[in-house]
Number of protein chains: 2
Amino acid sequence: MTNKPDVRALLRRAGLRPTRQRIALGDLLFATGDWHVTAETLHEQAIIRSIPVSLATVYNTLHQFTEAGLLKEVVVDGSKTYFDTNTTSHHHFYLEDQRAIMDIPAGQVSIQGMPEVPEGMEIARVDVVVRLRAVRTN
Amino acid sequence: MTNKPDVRALLRRAGLRPTRQRIALGDLLFATGDWHVTAETLHEQAIIRSIPVSLATVYNTLHQFTEAGLLKEVVVDGSKTYFDTNTTSHHHFYLEDQRAIMDIPAGQVSIQGMPEVPEGMEIARVDVVVRLRAVRTN
DNA sequence: ATTTGTGCAAATCGTTTGCATCTGA
DNA sequence: TCAGATGCAAACGATTTGCACAAAT
């Protein structure tokens with residue numbers, strides 16, 4: 001799973017110019033298998049590895065990658081935006097205490113009894129978030 | 001469904017002092033049956049009805065009500081926080097275009113195959129969001 | 001009289017934007 | 001060359017906070 005994909009090719013295919021920072025961020029993102037990042041964590045990681053990128057560019061890049069289908073946006077927390085390098089259909093655990101996301105293996109959870117969708121509307125996507133907390137030992 | 005509950009009593013039971021603005025906001029919130037509000041919309045409504053409340057107090061109140069179990073927080077959108085006056089277990093449609101929330105009648109949707117929960121963790125809550133968009137007539 | 005809540009304005013946080021400067025094709 | 005990317009700093013929108021004042025018990 002850690003065989004590095006050809007980020008340059010990914011970008012070209014997505015119609016994105018393979019620039020220094022996009023390649024560098026792509027390497028970071030896709031070399032590590034499944035990963036849930038925020039703009040901040042990615043920026044941090046980039047800086048740590050001496051990849052000079054501005055936070056603004058990290059935001060731009062994350063959104064461009066998402067539009068291109070290379071990332072998936074996950075909404076769990078309201079205050080921060082998380083991006084998931086796993087773009088296949090799957091759901092999430094959210095560890096409320098650690099504010100961390102974990103994938104739920106695909107196919108484990110399924111929905112039953114999908115309700116009537118209002119006229120003229122279609123389902124864009126179904127998200128399931130299982131919120132976890134430490135067992136309270138009262 | 002529109003028989004006004006005794007907000008004063010609700011507040012007392014919740015250990016919240018029944019102040020002018022809490023009562024007024026409670027009346028607004030609970031008189032109208034199921035409702036999905038943001039701090040802004042509630043504040044707006046209050047002002048329209050000549051209830052003098054500051055936005056800060058609306059935020060405080062919404063959070064206190066939530067802690068007290070009178071409201072439920074719904075996370076669908078990342079940028080705004082929605083509160084649901086329906087505190088029973090149920091799931092949501094999210095109309096992406098209108099940025100609006102609708103309840104999915106309880107019991108219609110159910111989850112199958114709940115996955116192993118990591119050691120020492122318990123499920124606090126399971127949220128299902130069915131994202132809808134207008135049918136694209138391409 | 002005490003305690004708790006409220007309003008305001010300033011502060012904070014995550015995110016976006018405008019614009020001058022670079023860079024890849 | 002030159003459209004498209006980047007960096008910076010300023011702008012932004014939602015939410016929170018500090019503190020003086022007001023209202024419940």
# chains A, B, ... in the order shown; residues from 1 in each chain; ligands from 1

$ interface_residues --of "chain B" --to "chain C" --cutoff "8 Å" --atoms "only C-alpha atoms (C1' of nucleotides)" --output "short mmCIF file (atom, residue, chain, number, x, y, z; two decimals) with N, CA and C atoms, in the first residue's frame"
data_model
loop_
_atom_site.label_atom_id
_atom_site.label_comp_id
_atom_site.auth_asym_id
_atom_site.auth_seq_id
_atom_site.Cartn_x
_atom_site.Cartn_y
_atom_site.Cartn_z
N THR B 19 -34.85 32.96 32.83
CA THR B 19 -34.72 34.41 32.64
C THR B 19 -35.59 34.84 31.45
N SER B 54 -29.14 39.54 22.62
CA SER B 54 -27.92 39.71 21.84
C SER B 54 -27.55 38.37 21.22
N ALA B 56 -24.75 36.96 21.25
CA ALA B 56 -23.94 36.20 22.21
C ALA B 56 -24.83 35.38 23.12
N THR B 57 -25.90 35.97 23.57
CA THR B 57 -26.82 35.26 24.45
C THR B 57 -27.52 34.13 23.71
#

$ interface_residues --of "chain B" --to "chain A" --cutoff "6 Å" --atoms "only C-alpha atoms" --output "JSON, numbers by chain"
{"B": [75, 78, 108, 109, 110, 111, 112, 113, 114, 120, 121, 122, 123, 124, 125, 126, 127, 128, 129, 130, 131, 132, 133, 134, 135]}

$ select_by_dssp --residues "segment 17-122 of chain B" --states "strand (DSSP E or B)" --output "MDAnalysis selection string"
chainID B and resid 36:37 72:74 82:84 91:95 100:104 110:112 121:122

$ calpha_fit_and_write --fixed "chain A" --moving "chain B" --output "mmCIF file with C-alpha atoms, in the first residue's frame"
data_model
loop_
_atom_site.group_PDB
_atom_site.id
_atom_site.type_symbol
_atom_site.label_atom_id
_atom_site.label_comp_id
_atom_site.auth_asym_id
_atom_site.auth_seq_id
_atom_site.Cartn_x
_atom_site.Cartn_y
_atom_site.Cartn_z
ATOM 1 C CA MET B 1 -0.109 0.014 -0.143
ATOM 2 C CA THR B 2 2.883 2.273 0.276
ATOM 3 C CA ASN B 3 4.144 2.052 -3.297
ATOM 4 C CA LYS B 4 4.204 5.634 -4.328
ATOM 5 C CA PRO B 5 1.787 6.485 -7.095
ATOM 6 C CA ASP B 6 2.847 8.760 -9.901
ATOM 7 C CA VAL B 7 1.509 12.006 -8.535
ATOM 8 C CA ARG B 8 2.557 13.886 -11.640
ATOM 9 C CA ALA B 9 0.366 11.642 -13.737
ATOM 10 C CA LEU B 10 -2.521 11.897 -11.293
ATOM 11 C CA LEU B 11 -2.373 15.649 -11.522
ATOM 12 C CA ARG B 12 -2.200 15.708 -15.288
ATOM 13 C CA ARG B 13 -5.138 13.361 -15.538
ATOM 14 C CA ALA B 14 -7.031 15.719 -13.242
ATOM 15 C CA GLY B 15 -6.183 18.695 -15.400
ATOM 16 C CA LEU B 16 -3.999 20.221 -12.725
ATOM 17 C CA ARG B 17 -0.618 21.588 -13.554
ATOM 18 C CA PRO B 18 2.008 19.553 -11.749
ATOM 19 C CA THR B 19 3.734 22.284 -9.832
ATOM 20 C CA ARG B 20 6.402 21.834 -7.190
ATOM 21 C CA GLN B 21 4.072 22.222 -4.244
ATOM 22 C CA ARG B 22 1.225 20.190 -5.692
ATOM 23 C CA ILE B 23 3.594 17.323 -6.362
ATOM 24 C CA ALA B 24 5.145 17.603 -2.931
ATOM 25 C CA LEU B 25 1.772 17.707 -1.199
ATOM 26 C CA GLY B 26 0.499 14.887 -3.372
ATOM 27 C CA ASP B 27 3.500 12.763 -2.407
ATOM 28 C CA LEU B 28 2.855 13.457 1.235
ATOM 29 C CA LEU B 29 -0.832 12.689 0.952
ATOM 30 C CA PHE B 30 -0.776 9.589 -1.168
ATOM 31 C CA ALA B 31 2.383 7.879 -0.017
ATOM 32 C CA THR B 32 1.044 7.132 3.403
ATOM 33 C CA GLY B 33 -2.010 5.043 2.634
ATOM 34 C CA ASP B 34 -5.275 6.147 4.210
ATOM 35 C CA TRP B 35 -4.994 9.393 6.001
ATOM 36 C CA HIS B 36 -7.267 12.039 7.433
ATOM 37 C CA VAL B 37 -5.807 15.492 7.244
ATOM 38 C CA THR B 38 -6.761 19.018 7.990
ATOM 39 C CA ALA B 39 -5.162 21.916 6.175
ATOM 40 C CA GLU B 40 -3.194 22.621 9.303
ATOM 41 C CA THR B 41 -1.809 19.141 9.808
ATOM 42 C CA LEU B 42 -0.807 18.897 6.168
ATOM 43 C CA HIS B 43 0.854 22.278 6.257
ATOM 44 C CA GLU B 44 2.704 21.286 9.416
ATOM 45 C CA GLN B 45 3.939 18.051 7.837
ATOM 46 C CA ALA B 46 5.067 19.911 4.762
ATOM 47 C CA ILE B 47 7.030 22.415 6.793
ATOM 48 C CA ILE B 48 8.598 19.656 8.877
ATOM 49 C CA ARG B 49 9.830 18.043 5.678
ATOM 50 C CA SER B 50 11.194 21.334 4.446
ATOM 51 C CA ILE B 51 8.620 21.677 1.729
ATOM 52 C CA PRO B 52 8.034 25.384 1.474
ATOM 53 C CA VAL B 53 4.288 25.893 1.032
ATOM 54 C CA SER B 54 2.017 28.542 2.367
ATOM 55 C CA LEU B 55 -1.116 27.651 4.260
ATOM 56 C CA ALA B 56 -3.181 29.364 1.582
ATOM 57 C CA THR B 57 -1.738 27.071 -1.041
ATOM 58 C CA VAL B 58 -2.447 24.052 1.117
ATOM 59 C CA TYR B 59 -6.086 25.103 1.283
ATOM 60 C CA ASN B 60 -6.219 25.676 -2.451
ATOM 61 C CA THR B 61 -4.575 22.368 -3.150
ATOM 62 C CA LEU B 62 -6.833 20.394 -0.847
ATOM 63 C CA HIS B 63 -9.887 21.831 -2.540
ATOM 64 C CA GLN B 64 -8.545 21.275 -6.021
ATOM 65 C CA PHE B 65 -7.664 17.688 -5.159
ATOM 66 C CA THR B 66 -11.138 17.208 -3.763
ATOM 67 C CA GLU B 67 -12.799 18.575 -6.870
ATOM 68 C CA ALA B 68 -10.578 16.328 -8.922
ATOM 69 C CA GLY B 69 -11.740 13.332 -6.927
ATOM 70 C CA LEU B 70 -8.371 12.626 -5.365
ATOM 71 C CA LEU B 71 -9.658 13.424 -1.890
ATOM 72 C CA LYS B 72 -12.942 13.284 -0.066
ATOM 73 C CA GLU B 73 -14.171 15.880 2.353
ATOM 74 C CA VAL B 74 -15.466 14.548 5.636
ATOM 75 C CA VAL B 75 -17.783 16.586 7.810
ATOM 76 C CA VAL B 76 -17.803 15.516 11.420
ATOM 77 C CA ASP B 77 -16.835 18.395 13.532
ATOM 78 C CA GLY B 78 -18.227 21.715 12.463
ATOM 79 C CA SER B 79 -15.138 23.680 13.288
ATOM 80 C CA LYS B 80 -12.556 21.959 11.136
ATOM 81 C CA THR B 81 -12.587 20.451 7.691
ATOM 82 C CA TYR B 82 -11.093 17.000 7.291
ATOM 83 C CA PHE B 83 -9.926 15.467 4.041
ATOM 84 C CA ASP B 84 -9.723 11.735 3.485
ATOM 85 C CA THR B 85 -7.266 10.150 1.090
ATOM 86 C CA ASN B 86 -9.576 7.150 0.893
ATOM 87 C CA THR B 87 -12.026 8.153 -1.802
ATOM 88 C CA THR B 88 -13.898 4.886 -1.901
ATOM 89 C CA SER B 89 -17.353 4.678 -0.391
ATOM 90 C CA HIS B 90 -17.034 4.117 3.320
ATOM 91 C CA HIS B 91 -18.038 5.572 6.641
ATOM 92 C CA HIS B 92 -16.322 6.958 9.707
ATOM 93 C CA PHE B 93 -15.771 6.675 13.372
ATOM 94 C CA TYR B 94 -15.271 9.977 15.054
ATOM 95 C CA LEU B 95 -13.422 9.922 18.352
ATOM 96 C CA GLU B 96 -14.957 12.914 20.019
ATOM 97 C CA ASP B 97 -12.388 13.176 22.768
ATOM 98 C CA GLN B 98 -9.409 13.117 20.449
ATOM 99 C CA ARG B 99 -11.198 14.835 17.598
ATOM 100 C CA ALA B 100 -9.856 12.103 15.354
ATOM 101 C CA ILE B 101 -11.358 10.248 12.429
ATOM 102 C CA MET B 102 -11.041 6.557 11.623
ATOM 103 C CA ASP B 103 -12.378 4.695 8.640
ATOM 104 C CA ILE B 104 -14.982 2.050 9.122
ATOM 105 C CA PRO B 105 -14.035 -0.755 6.731
ATOM 106 C CA ALA B 106 -16.199 -0.580 3.633
ATOM 107 C CA GLY B 107 -19.142 -2.917 3.523
ATOM 108 C CA GLN B 108 -19.361 -3.368 7.241
ATOM 109 C CA VAL B 109 -22.055 -0.825 7.768
ATOM 110 C CA SER B 110 -24.996 -0.609 5.446
ATOM 111 C CA ILE B 111 -28.128 1.423 5.367
ATOM 112 C CA GLN B 112 -31.520 -0.119 5.263
ATOM 113 C CA GLY B 113 -34.764 1.523 4.221
ATOM 114 C CA MET B 114 -33.586 4.503 2.284
ATOM 115 C CA PRO B 115 -36.459 6.969 2.428
ATOM 116 C CA GLU B 116 -38.328 8.630 -0.391
ATOM 117 C CA VAL B 117 -36.258 11.363 -1.878
ATOM 118 C CA PRO B 118 -38.172 14.589 -2.567
ATOM 119 C CA GLU B 119 -39.245 15.187 -6.177
ATOM 120 C CA GLY B 120 -36.481 16.458 -8.421
ATOM 121 C CA MET B 121 -33.771 15.571 -5.948
ATOM 122 C CA GLU B 122 -31.243 12.810 -6.038
ATOM 123 C CA ILE B 123 -28.918 11.361 -3.478
ATOM 124 C CA ALA B 124 -25.467 12.792 -3.853
ATOM 125 C CA ARG B 125 -24.012 10.760 -1.047
ATOM 126 C CA VAL B 126 -24.828 9.121 2.251
ATOM 127 C CA ASP B 127 -22.566 9.747 5.198
ATOM 128 C CA VAL B 128 -22.600 7.750 8.373
ATOM 129 C CA VAL B 129 -20.665 8.986 11.364
ATOM 130 C CA VAL B 130 -20.386 6.774 14.410
ATOM 131 C CA ARG B 131 -19.397 9.021 17.276
ATOM 132 C CA LEU B 132 -17.306 7.333 19.915
ATOM 133 C CA ARG B 133 -16.234 8.376 23.353
ATOM 134 C CA ALA B 134 -14.252 6.745 26.102
ATOM 135 C CA VAL B 135 -16.404 4.437 28.191
ATOM 136 C CA ARG B 136 -17.479 6.417 31.190
ATOM 137 C CA THR B 137 -16.631 4.470 34.326
ATOM 138 C CA ASN B 138 -19.182 6.014 36.631
#

$ interface_residues --of "chain D" --to "chain A" --cutoff "9 Å" --atoms "only C-alpha atoms (C1' of nucleotides)" --output "ChimeraX atom specification"
/D:4-8

$ select_by_dssp --residues "segment 30-92 of chain A" --states "helix (DSSP H, G or I)" --output "VMD selection string"
chain A and resid 30 to 31 39 to 48 55 to 67
